[in-house]
Each structure stands twice: as structure tokens, then as C-alpha cells.
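Okay, work.cif is below, mmCIF, C-alpha atoms:
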```cif
data_structure
loop_
_atom_site.label_atom_id
_atom_site.label_comp_id
_atom_site.auth_asym_id
_atom_site.auth_seq_id
_atom_site.Cartn_x
_atom_site.Cartn_y
_atom_site.Cartn_z
CA MET I 15 18.88 -113.96 37.43
CA LYS I 16 21.89 -112.29 39.04
CA LEU I 17 24.28 -114.31 36.82
CA LEU I 18 22.26 -113.32 33.75
CA SER I 19 22.46 -109.65 34.75
CA ILE I 20 26.24 -109.88 35.25
CA MET I 21 26.62 -111.61 31.88
CA PHE I 22 24.58 -108.88 30.20
CA ILE I 23 26.67 -106.13 31.82
CA VAL I 24 29.91 -107.85 30.69
CA PHE I 25 28.46 -108.18 27.17
CA THR I 26 27.49 -104.47 27.21
CA LEU I 27 31.00 -103.43 28.26
CA ALA I 28 32.57 -105.59 25.55
CA VAL I 29 30.26 -104.17 22.87
CA LEU I 30 30.93 -100.64 24.14
CA GLY I 31 34.69 -101.15 23.81
CA PHE I 32 34.37 -102.59 20.33
CA SER I 33 31.91 -99.93 19.13
CA THR I 34 34.18 -97.14 20.39
CA TYR I 35 37.06 -98.67 18.42
CA GLN I 36 34.79 -98.89 15.35
CA ALA I 37 33.69 -95.25 15.68
CA LEU I 38 37.06 -93.67 16.39
CA VAL I 39 39.47 -95.90 14.44
CA VAL I 40 37.81 -98.18 11.88
CA ALA I 41 35.13 -95.90 10.38
CA PRO I 42 36.52 -93.84 7.48
CA THR I 43 36.95 -90.10 7.87
CA GLU I 44 34.14 -88.19 6.17
CA GLN I 45 35.48 -86.06 3.29
CA THR I 46 33.69 -82.75 3.93
CA MET I 47 33.45 -82.58 7.72
CA GLY I 48 36.50 -84.60 8.72
CA ASP I 49 36.79 -86.11 12.21
CA VAL I 50 33.93 -84.09 13.67
CA GLN I 51 31.50 -86.30 11.71
CA ARG I 52 32.41 -89.15 14.10
CA ILE I 53 30.18 -87.44 16.70
CA PHE I 54 27.34 -88.93 14.64
CA TYR I 55 28.23 -92.41 16.06
CA TYR I 56 27.33 -91.15 19.55
CA HIS I 57 24.74 -88.52 18.75
CA ALA I 58 22.36 -90.67 16.67
CA PRO I 59 22.43 -93.84 18.87
CA THR I 60 21.85 -91.82 22.05
CA ALA I 61 18.90 -90.12 20.32
CA TRP I 62 17.57 -93.57 19.41
CA VAL I 63 17.88 -94.78 23.03
CA ALA I 64 16.14 -91.64 24.32
CA GLY I 65 13.25 -92.27 21.90
CA LEU I 66 13.11 -95.92 22.93
CA CYS I 67 13.01 -94.98 26.63
CA PHE I 68 10.17 -92.53 26.03
CA PHE I 69 8.31 -95.24 24.11
CA VAL I 70 8.70 -97.63 27.07
CA ASN I 71 7.50 -94.82 29.34
CA PHE I 72 4.47 -94.32 27.08
CA LEU I 73 3.55 -98.04 27.14
CA ALA I 74 4.16 -98.39 30.88
CA SER I 75 2.01 -95.31 31.54
CA ILE I 76 -0.87 -96.81 29.56
CA VAL I 77 -0.52 -100.08 31.49
CA TYR I 78 -0.43 -98.16 34.78
CA LEU I 79 -3.63 -96.23 33.97
CA TRP I 80 -5.31 -99.44 32.86
CA LYS I 81 -4.21 -101.87 35.60
CA ARG I 82 -2.88 -99.53 38.33
CA SER I 83 0.17 -101.78 38.49
CA LEU I 84 2.97 -100.44 40.70
CA ASN I 85 5.52 -102.29 38.57
CA ALA I 86 4.31 -100.47 35.44
CA ASP I 87 4.59 -97.19 37.32
CA ALA I 88 8.14 -98.05 38.41
CA LEU I 89 9.05 -98.90 34.81
CA ALA I 90 7.52 -95.64 33.56
CA LEU I 91 9.54 -93.61 36.04
CA ALA I 92 12.76 -95.55 35.31
CA SER I 93 12.45 -95.20 31.54
CA ALA I 94 11.63 -91.47 31.72
CA GLU I 95 14.67 -90.79 33.87
CA VAL I 96 17.02 -92.77 31.61
CA GLY I 97 15.43 -91.12 28.56
CA VAL I 98 16.20 -87.67 29.98
CA VAL I 99 19.84 -88.72 30.58
CA PHE I 100 20.23 -89.76 26.93
CA CYS I 101 18.26 -86.79 25.60
CA THR I 102 20.63 -84.51 27.54
CA ILE I 103 23.59 -86.13 25.76
CA VAL I 104 21.84 -85.53 22.41
CA LEU I 105 21.23 -81.87 23.24
CA ILE I 106 24.88 -81.34 24.21
CA THR I 107 26.64 -83.37 21.49
CA GLY I 108 24.46 -81.78 18.77
CA PRO I 109 25.67 -78.20 19.37
CA ILE I 110 29.28 -79.46 19.81
CA TRP I 111 28.99 -80.90 16.29
CA ALA I 112 27.15 -77.83 14.96
CA ARG I 113 29.74 -75.25 16.05
CA PRO I 114 32.57 -76.33 13.70
CA VAL I 115 30.20 -77.43 10.91
CA TRP I 116 27.54 -74.67 10.87
CA GLY I 117 29.53 -71.98 12.68
CA ILE I 118 26.81 -71.66 15.35
CA TRP I 119 25.96 -73.61 18.47
CA TRP I 120 22.20 -73.48 18.15
CA THR I 121 19.40 -72.36 15.86
CA TRP I 122 15.65 -72.39 16.48
CA GLU I 123 14.73 -74.81 13.70
CA ALA I 124 12.22 -77.68 13.84
CA ARG I 125 14.48 -80.61 14.82
CA LEU I 126 16.44 -78.80 17.50
CA THR I 127 13.45 -77.00 18.97
CA SER I 128 11.22 -80.09 19.07
CA THR I 129 14.04 -82.05 20.76
CA LEU I 130 14.44 -79.33 23.39
CA VAL I 131 10.67 -79.34 23.95
CA LEU I 132 10.81 -83.15 24.31
CA TRP I 133 13.53 -82.85 26.95
CA MET I 134 11.50 -80.21 28.82
CA ILE I 135 8.35 -82.39 28.75
CA TYR I 136 10.14 -85.29 30.40
CA VAL I 137 12.01 -83.07 32.86
CA SER I 138 8.59 -81.73 33.90
CA TYR I 139 7.39 -85.32 34.22
CA LEU I 140 10.30 -86.09 36.56
CA MET I 141 9.72 -82.88 38.53
CA LEU I 142 6.06 -83.78 38.91
CA ARG I 143 7.05 -87.22 40.20
CA ARG I 144 9.60 -85.74 42.55
CA PHE I 145 7.79 -82.74 44.04
CA ALA I 146 4.02 -83.33 43.78
CA ALA I 147 2.44 -84.83 46.88
CA GLY I 148 -0.62 -87.05 47.03
CA SER I 149 -1.78 -90.40 45.74
CA GLN I 150 -2.90 -88.96 42.38
CA THR I 151 0.65 -88.00 41.32
CA PRO I 152 1.38 -91.22 39.36
CA VAL I 153 -1.97 -90.86 37.54
CA LEU I 154 -1.26 -87.26 36.55
CA ALA I 155 2.28 -88.20 35.53
CA ALA I 156 1.00 -91.09 33.40
CA ALA I 157 -1.44 -88.75 31.63
CA LEU I 158 1.38 -86.25 31.01
CA ALA I 159 3.60 -89.07 29.67
CA ILE I 160 0.94 -90.25 27.22
CA PHE I 161 0.38 -86.76 25.79
CA GLY I 162 4.07 -85.91 26.01
CA PHE I 163 4.96 -88.86 23.82
CA VAL I 164 3.23 -87.13 20.89
CA ASP I 165 6.42 -85.05 20.55
CA VAL I 166 8.58 -88.13 19.80
CA PRO I 167 7.19 -88.76 16.27
CA ILE I 168 7.26 -84.98 15.69
CA VAL I 169 11.00 -84.94 16.51
CA TYR I 170 11.58 -87.92 14.20
CA MET I 171 9.56 -86.51 11.31
CA SER I 172 10.62 -82.86 11.72
CA ILE I 173 13.50 -83.15 9.21
CA ARG I 174 11.11 -84.73 6.71
CA TRP I 175 8.23 -82.30 7.21
CA PHE I 176 10.16 -79.04 7.43
CA ARG I 177 13.08 -77.46 5.65
CA THR I 178 15.62 -77.56 8.46
CA GLN I 179 19.27 -76.73 9.06
CA HIS I 180 19.71 -80.16 10.65
CA PRO I 181 21.15 -82.70 8.16
CA GLN I 182 18.56 -84.63 6.17
CA PRO I 183 18.04 -88.27 7.23
CA VAL I 184 20.87 -90.62 6.25
CA ILE I 185 18.96 -93.66 7.47
CA ALA I 186 15.64 -94.45 5.78
CA GLY I 187 15.92 -91.11 4.05
CA GLY I 188 15.08 -92.28 0.56
CA GLU I 189 17.06 -91.78 -2.64
CA GLY I 190 20.49 -90.18 -2.33
CA SER I 191 20.76 -90.90 1.38
CA GLY I 192 22.76 -93.59 3.11
CA LEU I 193 26.13 -94.38 4.62
CA ASP I 194 29.39 -95.92 3.50
CA PRO I 195 29.35 -99.67 4.47
CA ALA I 196 32.21 -99.14 6.96
CA MET I 197 30.28 -96.25 8.51
CA TRP I 198 27.20 -98.47 8.72
CA HIS I 199 29.18 -101.05 10.73
CA ALA I 200 30.38 -98.42 13.20
CA PHE I 201 26.90 -96.95 13.47
CA LEU I 202 25.16 -100.30 14.06
CA TRP I 203 27.72 -101.38 16.68
CA ASN I 204 27.20 -98.11 18.53
CA LEU I 205 23.44 -98.46 18.22
CA LEU I 206 23.68 -101.90 19.85
CA ALA I 207 26.10 -100.68 22.55
CA PHE I 208 24.00 -97.70 23.61
CA THR I 209 20.79 -99.74 23.50
CA CYS I 210 22.42 -102.23 25.91
CA VAL I 211 23.54 -99.35 28.17
CA GLY I 212 19.97 -98.04 28.12
CA ILE I 213 18.60 -101.47 29.10
CA VAL I 214 21.13 -101.78 31.96
CA PHE I 215 20.21 -98.30 33.24
CA ILE I 216 16.45 -98.90 33.02
CA ALA I 217 16.77 -102.28 34.79
CA THR I 218 18.92 -100.74 37.56
CA ARG I 219 16.58 -97.77 38.04
CA TYR I 220 13.51 -100.05 37.94
CA ASN I 221 14.94 -102.32 40.67
CA LEU I 222 15.85 -99.27 42.73
CA GLN I 223 12.30 -97.92 42.44
CA LYS I 224 10.86 -101.27 43.52
CA LEU I 225 13.18 -101.30 46.52
CA GLU I 226 12.12 -97.74 47.40
CA ASN I 227 8.47 -98.80 47.16
CA GLU I 228 9.21 -101.69 49.56
CA VAL I 229 10.88 -99.30 52.01
CA GLU I 230 7.87 -97.00 51.83
CA ALA I 231 5.50 -99.93 52.49
CA GLU I 232 7.66 -101.04 55.42
CA HIS I 233 7.57 -97.50 56.87
CA ALA I 234 3.76 -97.48 56.55
CA GLN I 235 3.50 -100.84 58.32
CA LEU I 236 5.74 -99.67 61.15
CA ALA I 237 3.64 -96.54 61.54
CA LEU I 238 0.44 -98.63 61.63
CA ARG I 239 1.90 -100.94 64.29
CA GLY I 240 3.02 -97.91 66.30
CA SER I 241 -0.42 -96.32 66.25
CA ALA I 242 -2.14 -99.64 67.13
CA ARG I 243 -0.14 -99.94 70.39
CA MET R 14 36.56 -75.03 17.89
CA THR R 15 38.37 -77.49 15.59
CA GLY R 16 36.91 -80.86 14.58
CA ALA R 17 39.30 -82.85 16.78
CA VAL R 18 38.51 -80.74 19.86
CA ALA R 19 34.77 -81.03 19.16
CA LEU R 20 35.06 -84.81 18.80
CA ARG R 21 36.95 -85.09 22.09
CA ALA R 22 34.43 -82.84 23.86
CA ALA R 23 31.44 -84.80 22.52
CA TYR R 24 33.12 -88.09 23.43
CA ALA R 25 33.76 -86.83 26.98
CA VAL R 26 30.15 -85.66 27.38
CA THR R 27 28.82 -88.99 26.09
CA TRP R 28 30.72 -90.82 28.84
CA ILE R 29 30.70 -88.36 31.72
CA ILE R 30 26.89 -87.97 31.85
CA PRO R 31 26.09 -91.73 32.02
CA LEU R 32 28.92 -92.30 34.52
CA LEU R 33 27.59 -89.54 36.78
CA TYR R 34 24.10 -91.01 36.48
CA LEU R 35 25.43 -94.48 37.33
CA ARG R 36 27.21 -93.05 40.40
CA TYR R 37 23.98 -91.36 41.48
CA LEU R 38 22.01 -94.62 41.04
CA LEU R 39 24.52 -96.72 42.97
CA GLY R 40 24.70 -94.16 45.80
CA ARG R 41 20.92 -94.11 46.07
CA TYR R 42 20.86 -97.94 45.96
CA ARG R 43 23.31 -98.11 48.87
CA ARG R 44 21.22 -95.65 50.91
CA VAL R 45 17.92 -97.46 50.30
CA ARG R 46 19.43 -100.86 51.07
CA SER R 47 20.82 -99.68 54.39
CA GLU R 48 17.47 -98.05 55.22
CA MET R 49 15.73 -101.34 54.43
CA LYS R 50 18.16 -103.20 56.71
CA ASP R 51 17.50 -100.75 59.56
CA LEU R 52 13.74 -101.06 59.09
CA LYS R 53 13.87 -104.86 59.15
CA ARG R 54 16.00 -104.74 62.29
CA SER R 55 13.61 -102.39 64.07
CA SER R 56 10.53 -104.41 63.09
#
```
Can you give me the file's structure in the form of C-alpha cells?
Amino acid sequence: MKLLSIMFIVFTLAVLGFSTYQALVVAPTEQTMGDVQRIFYYHAPTAWVAGLCFFVNFLASIVYLWKRSLNADALALASAEVGVVFCTIVLITGPIWARPVWGIWWTWEARLTSTLVLWMIYVSYLMLRRFAAGSQTPVLAAALAIFGFVDVPIVYMSIRWFRTQHPQPVIAGGEGSGLDPAMWHAFLWNLLAFTCVGIVFIATRYNLQKLENEVEAEHAQLALRGSAR
Amino acid sequence: MTGAVALRAAYAVTWIIPLLYLRYLLGRYRRVRSEMKDLKRSS
């Protein structure tokens, strides 16, 4: 298992190196925006990973409410935390792209606002997990996660449902949308690289949570033995 | 902000945030592992 993990980390690093080269060197420069368009190769894959993490959190929360499995709870917590990390990158790289292209850092339109709301939902989830005391905290957090996930499809569909300042979808956006084949290569490599990074982070955080649960159980046992003497 | 500066800034953000998170995870891992060792020793 340890060898498999090391092999996966090495693979992730190799793909990351190659995808960075694809994004910064191989992909052609976009005619209207110039080099700033290359932010897309980081912005869109990190948004994808954030969405994926929140989906894992959603599934794990359902499993936790159903089976009361501590492993599902650990996975829910791990995926929410990693999702917030990637969502933060999305919310920072977006305005960095917007400033030279739109002339403004931020505007309260559907895509941007729903993404900010998404980030705030999962930050509240993490705050609930961190600061609320009592055995019901994981249950409340799971319920929040299930309802909070409703915002993920809203974020995805916002540029289809509303007239927004955010660029229209270039992937699965229908007629007139799409990417140059060389841009597609760079995009897909980055999608793979960031997905692998997301998996490595979730696995690491999940194992850490399990270890913390073990420490907590050990503390409880010690306390029980102490009170029995 | 020019395009090249924006690209460099976005690139830096994309790497700095995950690296900081990784550092935080590894630090926490080290702390929990040593706590576990102490607990096993005392039990």
C-alpha cells in the first residue's frame, strides 16, 4: 500500500511537471487575451477538483448519516477541507485573470457570486466541525454538507442560466464553443494533474483524520482506566 | 496589471496555497504521530 502511494505521488509530480510545460510553453497564445488566457489551465482544473471534492463530501455525508461510519465522516471532512483549498485558488486566480481582461477585479454576477457562496458554505462546514462541541456535530455537519451541495450544480449552470460577465462555457458549451486542439491537450493534462493532486491531498487528510480519531479513542481509554483505579 | 504579471501571480497562487496546505498537513501529522507514541508508551 505504501509503495502504491509513493508510486502515485511520483506519477502526480511527473504529470504536474509535464502539464505545467504544456500550459506555459506548448499551448498556443490566445489571439485576443494573450498570455493571460493561460490562467485558464489552472483556473478551470482547480474549479473541477473543488467540485469533485464537494461531490465526495456529499456522498460521504449521505453514507455517514445512513451507516454512522466514522470512515465516511473522516472522508467527508477530508474532502471538504481539500475542496475549500481548491475553491480558494479559483476565487483568487479568477480576479487575477479578470483585472487585465475586464478591467475590474470582481463583479457581483451569477457565476462569481455563487462560487463565493459555495466557498462560504464549506468554510462554515469546516468551522462547525472545528468549533462545535458535542457528539451531534458530525450529524449537523453532514446535513449542512448535503444541503450545501445544492450550490455546486448552480455554480456549474449559472453561466448557462443567466447572462453573465463570466466567459460562456468553452467545454460542453454547444455550437460555437470549444478549444484549439493544442489548448485541449494542455487543458486535459492539467485536469489530470490537479485531479491527482486532489486525490493525494484527500488521501493524506483522510489518513490524518483516522489517526486523530485513534488518538482520541486512546485518550478516552486512558481516562477510563484512570477512573477505574 | 499586464497579462504576463497576472499569469505569474496566478501561477504563484496556484502553487503557494497547496504547498502551504501540504506543510500544514505534514506538521499536524508529525504532531499526532508523536502524541500517539507518547500515549502508547504511557499505556
Starting from chain R, keep only residues with some atom at most 8 Å from an atom of chain I, counting all atoms listed in the file, and report them as a PDB file with C-alpha atoms, in the frame of the given file.
```
ATOM      1  CA  MET R  14      36.560 -75.030  17.890  1.00  0.00           C
ATOM      2  CA  THR R  15      38.370 -77.490  15.590  1.00  0.00           C
ATOM      3  CA  GLY R  16      36.910 -80.860  14.580  1.00  0.00           C
ATOM      4  CA  ALA R  17      39.300 -82.850  16.780  1.00  0.00           C
ATOM      5  CA  ALA R  19      34.770 -81.030  19.160  1.00  0.00           C
ATOM      6  CA  LEU R  20      35.060 -84.810  18.800  1.00  0.00           C
ATOM      7  CA  ALA R  22      34.430 -82.840  23.860  1.00  0.00           C
ATOM      8  CA  ALA R  23      31.440 -84.800  22.520  1.00  0.00           C
ATOM      9  CA  TYR R  24      33.120 -88.090  23.430  1.00  0.00           C
ATOM     10  CA  VAL R  26      30.150 -85.660  27.380  1.00  0.00           C
ATOM     11  CA  THR R  27      28.820 -88.990  26.090  1.00  0.00           C
ATOM     12  CA  ILE R  30      26.890 -87.970  31.850  1.00  0.00           C
ATOM     13  CA  PRO R  31      26.090 -91.730  32.020  1.00  0.00           C
ATOM     14  CA  TYR R  34      24.100 -91.010  36.480  1.00  0.00           C
ATOM     15  CA  LEU R  35      25.430 -94.480  37.330  1.00  0.00           C
ATOM     16  CA  LEU R  38      22.010 -94.620  41.040  1.00  0.00           C
ATOM     17  CA  ARG R  41      20.920 -94.110  46.070  1.00  0.00           C
ATOM     18  CA  TYR R  42      20.860 -97.940  45.960  1.00  0.00           C
ATOM     19  CA  VAL R  45      17.920 -97.460  50.300  1.00  0.00           C
ATOM     20  CA  ARG R  46      19.430-100.860  51.070  1.00  0.00           C
ATOM     21  CA  GLU R  48      17.470 -98.050  55.220  1.00  0.00           C
ATOM     22  CA  MET R  49      15.730-101.340  54.430  1.00  0.00           C
ATOM     23  CA  LEU R  52      13.740-101.060  59.090  1.00  0.00           C
ATOM     24  CA  SER R  56      10.530-104.410  63.090  1.00  0.00           C
TER      25      SER R  56
END
```
Translate the PyMOL selection byres ((chain I and resi 208) around 9) into a concrete residue list for this structure, as a list in words.
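Answer for the PyMOL selection byres ((chain I and resi 208) around 9): Thr26, Leu30, Tyr56, Pro59, Thr60, Trp62, Val63, Trp203, Asn204, Leu205, Leu206, Ala207, Thr209, Cys210, Val211, Gly212 and Ile213 of chain I.
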Grab the residues selected above and save them as a compact mmCIF listing (two decimals), in the coordinates of the input with C-alpha atoms.
```txt
# COMPACT_ATOMS: atom_id res chain seq x y z
CA THR I 26 27.49 -104.47 27.21
CA LEU I 30 30.93 -100.64 24.14
CA TYR I 56 27.33 -91.15 19.55
CA PRO I 59 22.43 -93.84 18.87
CA THR I 60 21.85 -91.82 22.05
CA TRP I 62 17.57 -93.57 19.41
CA VAL I 63 17.88 -94.78 23.03
CA TRP I 203 27.72 -101.38 16.68
CA ASN I 204 27.20 -98.11 18.53
CA LEU I 205 23.44 -98.46 18.22
CA LEU I 206 23.68 -101.90 19.85
CA ALA I 207 26.10 -100.68 22.55
CA THR I 209 20.79 -99.74 23.50
CA CYS I 210 22.42 -102.23 25.91
CA VAL I 211 23.54 -99.35 28.17
CA GLY I 212 19.97 -98.04 28.12
CA ILE I 213 18.60 -101.47 29.10
```
Considering all atoms listed in the file, return as a CSV table (one decimal) with C-alpha atoms, keeping the file's coordinate frame whatever protein or nucleic-acid residues lie within 12 Å of Ile168 (chain I), sequence-local ones (same chain, fewer than 2 positions apart) excluded.
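Saved the output as out_28.csv:
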```
chain,number,residue,atom,x,y,z
I,65,GLY,CA,13.2,-92.3,21.9
I,124,ALA,CA,12.2,-77.7,13.8
I,125,ARG,CA,14.5,-80.6,14.8
I,126,LEU,CA,16.4,-78.8,17.5
I,127,THR,CA,13.4,-77.0,19.0
I,128,SER,CA,11.2,-80.1,19.1
I,129,THR,CA,14.0,-82.0,20.8
I,130,LEU,CA,14.4,-79.3,23.4
I,131,VAL,CA,10.7,-79.3,24.0
I,132,LEU,CA,10.8,-83.2,24.3
I,162,GLY,CA,4.1,-85.9,26.0
I,163,PHE,CA,5.0,-88.9,23.8
I,164,VAL,CA,3.2,-87.1,20.9
I,165,ASP,CA,6.4,-85.0,20.6
I,166,VAL,CA,8.6,-88.1,19.8
I,170,TYR,CA,11.6,-87.9,14.2
I,171,MET,CA,9.6,-86.5,11.3
I,172,SER,CA,10.6,-82.9,11.7
I,173,ILE,CA,13.5,-83.2,9.2
I,174,ARG,CA,11.1,-84.7,6.7
I,175,TRP,CA,8.2,-82.3,7.2
I,176,PHE,CA,10.2,-79.0,7.4
```
Identify, on the basis of only C-alpha atoms, every residue whose closest approach to Val70 (chain I) does not exceed 8 Å; exclude the query and any residue fewer than 2 positions from it along the same chain; express the result as an NGL selection string.
:I and (66-68 or 72-74 or 89-90 or 93)
Point-to-point distance from CA of Ser138 (chain I) to CA of Trp119 (chain I), Å rounded to tenths
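So the answer is 24.6 Å.
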May I ask for the distance between CA of Gln36 (chain I) and CA of Asp194 (chain I), given in Å to one decimal place?
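Computing the Euclidean distance for CA of Gln36 (chain I) and CA of Asp194 (chain I) yields 13.4 Å.
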For a test of reading the model, state the distance in Å between CA of Val137 (chain I) and CA of Ile216 (chain I), rounded to one decimal.
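Computing it gives 16.4 Å between the two atoms.
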I need the residue nearest Val39 (chain I) from this list: I:Met197, I:Leu105, I:Ser241, I:Ser149. Use only C-alpha atoms for the distance.
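Under the stated criterion, the closest residue is I:Met197.
The shortest atom-to-atom distance to Ser55 (chain R), with only C-alpha atoms taken into account, belongs to I:Ala237 out of I:Ala237, I:Leu154, I:Leu142, I:Val77.
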Looking at I:Gln179, I:Ser19, I:Ser83, I:Gln150, which one is nearest to Ile118 (chain I), with distances taken over only C-alpha atoms?
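Looking only at the distances to Ile118 (chain I), the closest residue turns out to be I:Gln179.
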